[in-house]
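J.: File follows, my_file_27.csv with CSV, C-alpha atoms and all ligand atoms:
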chain,number,residue,atom,x,y,z
A,1,LEU,CA,-0.6,-5.5,-8.4
A,2,ALA,CA,-0.8,-7.5,-5.2
A,3,GLY,CA,-4.2,-5.9,-4.5
A,4,GLY,CA,-5.6,-7.1,-7.9
A,5,THR,CA,-5.6,-3.7,-9.6
A,6,VAL,CA,-5.2,-5.2,-13.1
A,7,ASP,CA,-7.9,-7.8,-12.5
A,8,LEU,CA,-10.3,-5.0,-11.3
A,9,LEU,CA,-9.5,-2.6,-14.1
A,10,GLU,CA,-9.9,-5.3,-16.7
A,11,LYS,CA,-13.2,-6.3,-15.3
A,12,TYR,CA,-14.4,-2.8,-15.9
A,13,GLY,CA,-13.2,-2.8,-19.5
A,14,PHE,CA,-10.0,-0.8,-19.1
A,15,ARG,CA,-6.9,-1.5,-21.2
A,16,VAL,CA,-4.3,-2.2,-18.6
A,17,PHE,CA,-0.7,-3.5,-18.7
A,18,GLY,CA,0.7,-5.5,-15.8
A,19,PRO,CA,0.4,-9.0,-14.3
A,20,LYS,CA,-2.9,-10.1,-12.7
A,21,ARG,CA,-2.9,-10.7,-8.9
A,22,GLU,CA,-2.2,-14.4,-9.3
A,23,ALA,CA,0.8,-13.9,-11.6
A,24,ALA,CA,2.2,-11.0,-9.5
A,25,LYS,CA,2.5,-13.6,-6.7
A,26,ILE,CA,6.0,-14.1,-8.1
A,27,GLU,CA,6.8,-11.0,-6.1
A,28,TRP,CA,4.2,-10.7,-3.3
A,29,ASP,CA,4.5,-14.3,-2.0
A,30,LYS,CA,8.2,-15.1,-1.6
A,31,LYS,CA,7.4,-18.6,-0.4
A,32,TRP,CA,5.3,-19.3,-3.5
A,33,SER,CA,8.0,-17.7,-5.6
A,34,ARG,CA,10.8,-19.9,-4.3
A,35,GLU,CA,8.7,-23.0,-4.6
A,36,PHE,CA,7.9,-22.0,-8.2
A,37,MET,CA,11.7,-21.8,-8.8
A,38,GLN,CA,12.1,-25.3,-7.4
A,39,ARG,CA,9.4,-26.6,-9.6
A,40,HIS,CA,11.0,-25.1,-12.7
A,41,ASN,CA,14.6,-25.8,-11.9
A,42,ILE,CA,15.6,-22.1,-11.7
A,43,PRO,CA,18.9,-21.6,-9.7
A,44,HIS,CA,18.1,-20.0,-6.3
A,45,PRO,CA,19.5,-20.1,-2.8
A,46,ASN,CA,18.7,-23.0,-0.5
A,47,PHE,CA,15.8,-22.1,1.7
A,48,ARG,CA,13.3,-23.3,4.3
A,49,TYR,CA,10.1,-21.6,5.3
A,50,PHE,CA,8.4,-21.3,8.7
A,51,GLU,CA,5.1,-20.2,10.1
A,52,ASN,CA,6.3,-20.8,13.6
A,53,GLU,CA,9.0,-18.7,15.3
A,54,LYS,CA,10.2,-21.6,17.5
A,55,ASP,CA,10.8,-23.9,14.5
A,56,GLY,CA,12.7,-21.1,12.6
A,57,GLU,CA,14.8,-20.5,15.7
A,58,GLN,CA,15.7,-24.2,16.0
A,59,TYR,CA,16.6,-24.3,12.3
A,60,VAL,CA,19.0,-21.4,12.6
A,61,ARG,CA,20.6,-22.8,15.8
A,62,ASP,CA,21.3,-26.0,13.8
A,63,GLN,CA,22.8,-24.0,10.9
A,64,TYR,CA,25.0,-21.9,13.2
A,65,SER,CA,26.2,-25.0,15.2
A,66,LYS,CA,27.7,-26.2,11.9
A,67,ASP,CA,29.1,-22.8,10.9
A,68,PRO,CA,29.0,-20.0,13.5
A,69,ASN,CA,29.6,-17.2,10.8
A,70,LYS,CA,27.3,-18.5,8.1
A,71,LEU,CA,25.6,-15.8,6.0
A,72,ILE,CA,21.9,-16.3,6.3
A,73,TYR,CA,18.9,-14.1,5.2
A,74,ILE,CA,15.7,-14.1,7.2
A,75,LYS,CA,13.0,-12.9,4.8
A,76,ALA,CA,9.3,-12.0,5.2
A,77,ALA,CA,7.2,-13.9,2.7
A,78,GLY,CA,5.0,-10.9,2.2
A,79,LEU,CA,5.6,-7.4,0.8
A,80,CYS,CA,7.7,-5.1,3.0
A,81,SER,CA,8.6,-2.1,0.8
A,82,GLY,CA,12.0,-3.7,0.0
A,83,LYS,CA,12.9,-4.0,3.7
A,84,GLY,CA,11.8,-7.6,4.4
A,85,ALA,CA,15.2,-9.4,3.9
A,86,LEU,CA,17.4,-9.2,7.0
A,87,LYS,CA,21.0,-10.3,6.9
A,88,SER,CA,22.6,-12.4,9.7
A,89,THR,CA,26.2,-13.5,10.1
A,90,ASN,CA,25.8,-15.1,13.6
A,91,LEU,CA,23.2,-16.8,15.7
A,92,ASP,CA,22.2,-13.8,17.8
A,93,GLU,CA,21.5,-11.7,14.7
A,94,ALA,CA,19.5,-14.5,13.1
A,95,LEU,CA,17.4,-14.9,16.3
A,96,GLU,CA,16.8,-11.2,16.5
A,97,ASN,CA,15.9,-11.0,12.8
A,98,ILE,CA,13.3,-13.8,13.3
A,99,LYS,CA,11.8,-11.7,16.1
A,100,GLN,CA,11.6,-8.7,13.7
A,101,MET,CA,9.4,-10.7,11.3
A,102,LYS,CA,6.5,-10.1,13.7
A,103,LYS,CA,6.9,-6.3,13.3
A,104,PHE,CA,6.2,-5.9,9.6
A,105,PRO,CA,2.8,-4.4,8.8
A,106,ASP,CA,-0.1,-6.5,7.5
A,107,GLU,CA,1.5,-9.7,9.0
A,108,ALA,CA,3.9,-9.7,6.0
A,109,GLY,CA,6.4,-11.7,8.1
A,110,ARG,CA,3.9,-14.3,9.5
A,111,THR,CA,5.4,-16.8,7.0
A,112,PHE,CA,9.2,-16.3,6.8
A,113,LEU,CA,12.0,-17.8,4.9
A,114,VAL,CA,15.5,-18.7,6.1
A,115,GLU,CA,17.8,-18.7,3.1
A,116,GLU,CA,21.5,-19.3,2.6
A,117,GLY,CA,23.3,-16.1,1.8
A,118,ILE,CA,25.0,-16.0,-1.6
A,119,GLU,CA,28.2,-14.0,-2.0
A,120,GLY,CA,28.8,-12.3,-5.3
A,121,GLU,CA,28.0,-9.3,-7.4
A,122,GLU,CA,24.4,-8.3,-7.9
A,123,PHE,CA,22.7,-7.3,-11.1
A,124,SER,CA,19.2,-6.5,-12.4
A,125,TYR,CA,17.7,-7.9,-15.5
A,126,TYR,CA,14.3,-7.1,-17.1
A,127,ALA,CA,12.0,-8.8,-19.6
A,128,ILE,CA,8.6,-7.7,-21.0
A,129,SER,CA,6.1,-10.5,-21.7
A,130,ASP,CA,2.8,-10.7,-23.5
A,131,GLY,CA,2.0,-14.0,-21.8
A,132,LYS,CA,3.3,-16.0,-24.9
A,133,THR,CA,6.8,-14.7,-25.7
A,134,TYR,CA,9.2,-12.1,-24.2
A,135,LYS,CA,11.9,-9.6,-25.0
A,136,THR,CA,14.7,-8.5,-22.8
A,137,PHE,CA,16.3,-5.1,-22.0
A,138,LYS,CA,19.8,-4.0,-21.2
A,139,SER,CA,21.1,-5.2,-17.8
A,140,ALA,CA,21.6,-2.8,-14.9
A,141,GLN,CA,23.4,-2.7,-11.5
A,142,ASP,CA,21.8,-0.8,-8.7
A,143,ASN,CA,23.8,0.8,-5.8
A,144,LYS,CA,21.4,0.2,-3.0
A,145,THR,CA,23.2,1.5,0.1
A,146,LEU,CA,23.2,5.1,1.2
A,147,LEU,CA,27.0,5.7,1.3
A,148,ASN,CA,29.9,5.2,-1.1
A,149,PHE,CA,31.3,1.7,-1.7
A,150,ASP,CA,28.2,0.0,-0.5
A,151,LYS,CA,28.3,1.2,3.1
A,152,GLY,CA,25.5,2.5,5.3
A,153,PRO,CA,21.8,1.5,5.4
A,154,GLN,CA,19.8,0.0,2.6
A,155,THR,CA,17.8,2.5,0.6
A,156,GLY,CA,15.5,2.1,-2.4
A,157,GLY,CA,18.5,2.6,-4.7
A,158,MET,CA,21.0,5.6,-4.8
A,159,GLY,CA,22.1,5.1,-8.4
A,160,VAL,CA,22.5,2.6,-11.1
A,161,ILE,CA,24.4,1.9,-14.3
A,162,SER,CA,23.2,0.3,-17.5
A,163,PRO,CA,24.4,-2.0,-19.0
A,164,ALA,CA,26.3,-3.8,-16.2
A,165,MET,CA,29.6,-5.4,-17.3
A,166,VAL,CA,29.2,-8.2,-14.9
A,167,THR,CA,26.4,-9.7,-17.0
A,168,SER,CA,28.0,-9.2,-20.4
A,169,SER,CA,29.2,-12.8,-21.0
A,170,LEU,CA,26.3,-14.3,-19.1
A,171,GLU,CA,23.2,-12.9,-20.9
A,172,LYS,CA,22.3,-16.2,-22.6
A,173,GLU,CA,22.6,-18.0,-19.3
A,174,ILE,CA,20.5,-15.4,-17.5
A,175,GLU,CA,17.8,-15.6,-20.2
A,176,ASP,CA,17.7,-19.4,-20.5
A,177,HIS,CA,17.8,-20.2,-16.8
A,178,GLN,CA,16.2,-17.2,-15.1
A,179,ILE,CA,13.8,-15.5,-17.6
A,180,SER,CA,12.7,-18.1,-20.1
A,181,LYS,CA,12.2,-20.8,-17.5
A,182,ALA,CA,10.1,-18.5,-15.4
A,183,LEU,CA,7.8,-17.2,-18.1
A,184,LEU,CA,7.4,-20.7,-19.6
A,185,GLY,CA,6.8,-22.0,-16.2
A,186,MET,CA,4.0,-19.5,-15.7
A,187,ILE,CA,2.4,-20.5,-19.0
A,188,GLU,CA,2.7,-24.2,-18.0
A,189,GLU,CA,1.0,-23.5,-14.7
A,190,GLN,CA,-1.8,-21.7,-16.6
A,191,ASN,CA,-1.0,-18.4,-14.9
A,192,PRO,CA,0.6,-16.5,-17.8
A,193,TYR,CA,2.6,-13.5,-16.9
A,194,ILE,CA,1.9,-10.3,-18.8
A,195,GLY,CA,4.0,-7.3,-17.8
A,196,ILE,CA,7.5,-6.5,-16.8
A,197,LEU,CA,9.4,-9.2,-15.0
A,198,TYR,CA,12.4,-8.0,-12.9
A,199,LEU,CA,15.1,-10.4,-12.0
A,200,GLY,CA,17.2,-9.4,-9.1
A,201,GLY,CA,20.2,-11.7,-9.3
A,202,ILE,CA,23.7,-12.4,-8.1
A,203,ILE,CA,26.6,-13.9,-10.0
A,204,ALA,CA,28.2,-16.5,-7.8
A,205,ASN,CA,31.1,-18.6,-9.1
A,206,GLY,CA,30.1,-17.5,-12.7
A,207,GLU,CA,26.5,-18.6,-12.3
A,208,PRO,CA,23.5,-16.3,-12.2
A,209,ILE,CA,21.4,-17.1,-9.1
A,210,ASN,CA,18.0,-15.7,-8.4
A,211,ILE,CA,17.7,-13.4,-5.4
A,212,GLU,CA,14.1,-12.4,-6.3
A,213,TYR,CA,11.6,-11.7,-9.0
A,214,ASN,CA,9.6,-8.5,-8.9
A,215,ALA,CA,6.5,-7.9,-11.0
A,216,ARG,CA,7.5,-4.4,-12.1
A,217,TRP,CA,10.4,-2.1,-13.2
A,218,GLY,CA,13.1,-1.3,-10.6
A,219,ASP,CA,13.7,2.2,-9.4
A,220,PRO,CA,16.2,3.6,-10.3
A,221,GLU,CA,17.0,0.9,-13.0
A,222,CYS,CA,14.0,2.0,-15.1
A,223,GLN,CA,15.3,5.5,-15.4
A,224,ALA,CA,18.6,4.3,-16.8
A,225,ILE,CA,17.2,1.6,-19.1
A,226,LEU,CA,14.2,3.2,-20.8
A,227,PRO,CA,16.1,6.1,-22.4
A,228,SER,CA,18.1,3.5,-24.4
A,229,ILE,CA,15.0,2.3,-26.2
A,230,GLN,CA,14.7,3.6,-29.7
A,231,ILE,CA,11.0,3.0,-30.2
A,232,ASP,CA,8.0,4.4,-28.3
A,233,TYR,CA,7.5,2.6,-25.1
A,234,LEU,CA,3.7,2.8,-25.6
A,235,GLU,CA,4.1,0.8,-28.8
A,236,ILE,CA,5.8,-1.9,-26.8
A,237,VAL,CA,3.1,-2.0,-24.2
A,238,ASN,CA,0.3,-2.0,-26.8
A,239,SER,CA,1.9,-4.9,-28.7
A,240,CYS,CA,2.0,-6.8,-25.4
A,241,LEU,CA,-1.7,-6.1,-24.8
A,242,GLU,CA,-2.5,-7.3,-28.4
A,243,GLY,CA,-0.3,-10.5,-27.8
A,244,LYS,CA,2.0,-9.4,-30.7
A,245,LEU,CA,5.3,-8.8,-28.9
A,246,ASN,CA,7.0,-11.3,-31.2
A,247,GLU,CA,6.4,-8.9,-34.2
A,248,LEU,CA,8.3,-6.1,-32.5
A,249,ASP,CA,12.0,-5.2,-32.7
A,250,ILE,CA,12.9,-3.4,-29.5
A,251,ARG,CA,16.0,-1.5,-30.6
A,252,GLN,CA,18.2,-0.2,-27.9
A,253,ASP,CA,21.2,2.1,-28.3
A,254,ASN,CA,24.8,1.2,-27.5
A,255,LYS,CA,25.4,3.9,-24.9
A,256,THR,CA,26.3,3.4,-21.3
A,257,ARG,CA,24.1,5.3,-18.7
A,258,VAL,CA,24.9,6.4,-15.2
A,259,CYS,CA,22.1,7.4,-13.0
A,260,ALA,CA,22.7,9.2,-9.7
A,261,VAL,CA,19.9,9.8,-7.2
A,262,GLY,CA,19.6,13.0,-5.2
A,263,ALA,CA,18.1,12.6,-1.7
A,264,SER,CA,17.3,14.7,1.3
A,265,LYS,CA,20.0,14.7,4.0
A,266,GLY,CA,18.8,12.3,6.7
A,267,TYR,CA,17.3,9.8,4.2
A,268,PRO,CA,16.3,7.0,4.8
A,269,ILE,CA,15.8,7.5,8.5
A,270,ASN,CA,15.0,11.0,9.3
A,271,HIS,CA,14.5,13.4,6.4
A,272,SER,CA,11.0,14.9,6.9
A,273,LYS,CA,12.6,18.2,8.2
A,274,ILE,CA,13.9,18.8,4.7
A,275,ASN,CA,10.4,18.8,3.2
A,276,GLY,CA,9.5,22.3,1.8
A,277,LYS,CA,13.1,23.4,1.3
A,278,ARG,CA,13.9,24.9,-2.1
A,279,ILE,CA,15.9,22.9,-4.7
A,280,PHE,CA,18.1,25.0,-6.9
A,281,GLY,CA,19.7,24.3,-10.3
A,282,ILE,CA,17.0,22.0,-11.9
A,283,ASP,CA,16.2,24.4,-14.7
A,284,GLU,CA,19.9,24.5,-15.7
A,285,VAL,CA,20.1,20.6,-15.7
A,286,LEU,CA,17.0,20.3,-17.8
A,287,GLU,CA,18.8,22.2,-20.6
A,288,MET,CA,21.9,19.9,-20.6
A,289,GLU,CA,22.4,17.6,-23.5
A,290,GLY,CA,22.6,13.9,-22.9
A,291,ILE,CA,20.9,14.2,-19.5
A,292,ASN,CA,17.5,13.0,-18.4
A,293,PHE,CA,16.2,14.4,-15.2
A,294,PHE,CA,13.4,12.5,-13.4
A,295,GLY,CA,11.6,14.1,-10.4
A,296,ALA,CA,10.3,11.9,-7.7
A,297,GLY,CA,9.9,13.7,-4.3
A,298,ILE,CA,9.6,17.2,-5.7
A,299,ASP,CA,6.8,19.7,-5.4
A,300,VAL,CA,6.6,22.4,-8.0
A,301,VAL,CA,5.0,25.7,-6.9
A,302,ASP,CA,4.9,28.7,-9.2
A,303,GLY,CA,7.7,27.2,-11.3
A,304,LYS,CA,10.0,26.7,-8.3
A,305,PHE,CA,11.1,23.3,-7.0
A,306,TYR,CA,10.8,22.1,-3.4
A,307,ALA,CA,11.9,18.9,-1.6
A,308,ASN,CA,9.1,16.6,-0.7
A,309,GLY,CA,10.4,13.1,0.3
A,310,GLY,CA,13.5,11.0,0.7
A,311,ARG,CA,14.8,10.2,-2.7
A,312,LEU,CA,14.0,13.4,-4.6
A,313,PHE,CA,15.2,12.9,-8.2
A,314,SER,CA,17.4,11.0,-10.5
A,315,ILE,CA,19.9,12.3,-13.0
A,316,VAL,CA,20.7,10.0,-15.9
A,317,ALA,CA,23.6,10.7,-18.2
A,318,GLU,CA,24.5,8.9,-21.3
A,319,GLY,CA,28.0,8.3,-22.5
A,320,GLU,CA,30.3,6.4,-24.9
A,321,ASN,CA,31.5,4.5,-21.9
A,322,ILE,CA,31.1,4.4,-18.1
A,323,LEU,CA,33.7,7.1,-17.4
A,324,ASP,CA,32.2,9.5,-19.8
A,325,ALA,CA,28.7,8.9,-18.5
A,326,LYS,CA,29.8,9.2,-14.9
A,327,GLU,CA,31.5,12.5,-15.6
A,328,ARG,CA,28.4,14.0,-17.2
A,329,ALA,CA,26.1,12.7,-14.5
A,330,TYR,CA,28.1,14.4,-11.8
A,331,SER,CA,28.7,17.5,-13.7
A,332,ALA,CA,24.8,17.8,-13.8
A,333,MET,CA,24.6,16.9,-10.1
A,334,ASP,CA,27.1,19.6,-9.2
A,335,ARG,CA,24.7,22.2,-10.4
A,336,ILE,CA,21.9,21.2,-8.0
A,337,SER,CA,21.7,22.2,-4.3
A,338,ILE,CA,19.1,22.3,-1.6
A,339,GLU,CA,18.6,25.3,0.7
A,340,GLY,CA,20.8,24.8,3.8
A,341,ASN,CA,23.2,22.4,2.1
A,342,ASN,CA,20.7,19.5,2.4
A,343,LEU,CA,21.4,17.5,-0.7
A,344,HIS,CA,22.8,14.0,-0.3
A,345,TYR,CA,24.1,11.8,-3.1
A,346,ARG,CA,26.6,9.1,-3.6
A,347,THR,CA,29.7,10.1,-5.6
A,348,ASP,CA,30.8,6.6,-6.6
A,349,ILE,CA,27.9,5.2,-8.7
A,350,GLY,CA,29.2,2.5,-11.0
A,351,TRP,CA,32.4,2.0,-9.1
A,352,ARG,CA,32.7,-1.7,-9.9
A,353,ASP,CA,32.5,-1.1,-13.7
A,354,ILE,CA,34.7,1.9,-13.5
A,355,GLU,CA,37.4,-0.3,-12.0
A,356,ARG,CA,36.8,-2.9,-14.7
A,357,PHE,CA,36.9,-0.3,-17.4
A,358,ARG,CA,40.2,1.1,-16.2
A,359,ARG,CA,41.6,-2.4,-16.3
A,360,LEU,CA,40.6,-3.0,-19.9
A,401,LIG,N1,16.1,-0.9,-7.3
A,401,LIG,C1,15.5,-1.9,-6.6
A,401,LIG,C2,14.0,-2.0,-6.7
A,401,LIG,O1,13.4,-1.3,-7.4
A,401,LIG,O2,13.5,-2.8,-6.0
Let me see whether you can do it: turn the structure in this file into structure tokens.

T.:
Amino acid sequence: LAGGTVDLLEKYGFRVFGPKREAAKIEWDKKWSREFMQRHNIPHPNFRYFENEKDGEQYVRDQYSKDPNKLIYIKAAGLCSGKGALKSTNLDEALENIKQMKKFPDEAGRTFLVEEGIEGEEFSYYAISDGKTYKTFKSAQDNKTLLNFDKGPQTGGMGVISPAMVTSSLEKEIEDHQISKALLGMIEEQNPYIGILYLGGIIANGEPINIEYNARWGDPECQAILPSIQIDYLEIVNSCLEGKLNELDIRQDNKTRVCAVGASKGYPINHSKINGKRIFGIDEVLEMEGINFFGAGIDVVDGKFYANGGRLFSIVAEGENILDAKERAYSAMDRISIEGNNLHYRTDIGWRDIERFRRL
């Protein structure tokens, strides 16, 4: 999208669903995106942006002289495959993180942001827009770190639940202040947004705050949300392209879904040695009821499955509630293994809502 794929395909007469390059800026230029939020009064963290390392360093020195343990994120303004936001809780970390900005490919960190860190619980929220109106989907909560209870390095997402209880009393607020303002703002700026708008947010003191917008579905959120839709997804996309989204009723079921991701041992740092190893048990899981299995880093040769990547697959289980869905997801995961005991997965996906559910 950032490379202008939609613009190019449209130019050659293809029917294509997604934001044009200029609209996708909401994801690929984090400075533009934050300034857009300012213009449209969308709640977001305080930020400053810098093009010069020295100015950024001076700013973080000032911040830490007032509060030596302040939570601050140093963020590349450009795209960094989800690895461009670096957390600091003291001056040394912040200075080091500013240095790291130079190391991202394609000068993605040439402009960088210094943002106040917001403490709270994260959620993901999605809308589809035809550039005039929008519809929303069930919320989700991604579990981004490698290890249980949000420990270990950041990954692309080790599992997700949908819907997420943390948003249940805040949906109107999220739509009014984070989704509607953004999509109307894009129309007002004559840059209408057609596609999936992904809000990565955080609930701080009961208020949904914007962490980022992305111009796409989230992975693995998408795997847990789309199975709940009761009409053909293609019908939704086509109605967007025809500008008729307002005529569509996007029915979603009432089930809860837990998605657990299976990865190669060593992911996200050093997993290439697992490539080519056999994955067992997939056929059995494909036969299970109430389970969706999505392959990602898998090669299929003569009907056999082989690891080829870091995050290899997602198992999505539906249930009447979070406990039910979790039990089914892990009963499917238990049937899968990788030659040499090389499968890694988190065993606690959805832990926050499981605790909430048990308290009900
Ligand atoms: N699950 C986070 C992302 O897709 O960016």

J.: Report the distance between CA of Ile161 in chain A and CA of Ala317 in chain A in Å, rounded to one decimal place.

T.: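 Result for CA of Ile161 in chain A versus CA of Ala317 in chain A: 9.7 Å, one decimal.
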
J.: All residues within 9 Å of ligand LIG 401 (chain A) are required, counting only C-alpha atoms and all ligand atoms; please report them as a count of residues only.

T.: 23

J.: Using all atoms listed in the file for the distances, tell me which of A:Asp299, A:Glu107, A:Asp62, A:Glu171 is nearest to Leu312 in chain A.

T.: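 Smallest distance to Leu312 in chain A is found for A:Asp299.
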
J.: Nearest residue to Ala260 in chain A out of A:Pro153, A:Gly303, A:Gly297, A:Gly350, using only C-alpha atoms?

T.: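 Looking at the shortest contact to Ala260 in chain A, the residue is A:Gly350.
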
J.: I need the residue nearest Arg21 in chain A from this list: A:Asp7, A:Glu247, A:Glu318, A:Asp55. Use all atoms listed in the file for the distance.

T.: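 So, comparing all the options, the nearest one is A:Asp7.
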
J.: If you count all atoms listed in the file, which residues fall within 10 Å of Met333 in chain A, apart from same-chain ones fewer than 2 positions away, as a list in words?

T.: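 The contact residues come out as Ala260, Val261, Gly262, Gly281, Ile282, Val285, Ser314, Ile315, Val316, Glu327, Arg328, Ala329, Tyr330, Ser331, Arg335, Ile336, Ser337, Leu343, Tyr345 and Thr347 of chain A.
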
J.: Skipping near chain neighbours, those fewer than 3 positions away, what residues fall within 8 Å of Tyr49 in chain A using all atoms listed in the file, listed as a PyMOL selection string?

T.: chain A and resi 31+56+111-114
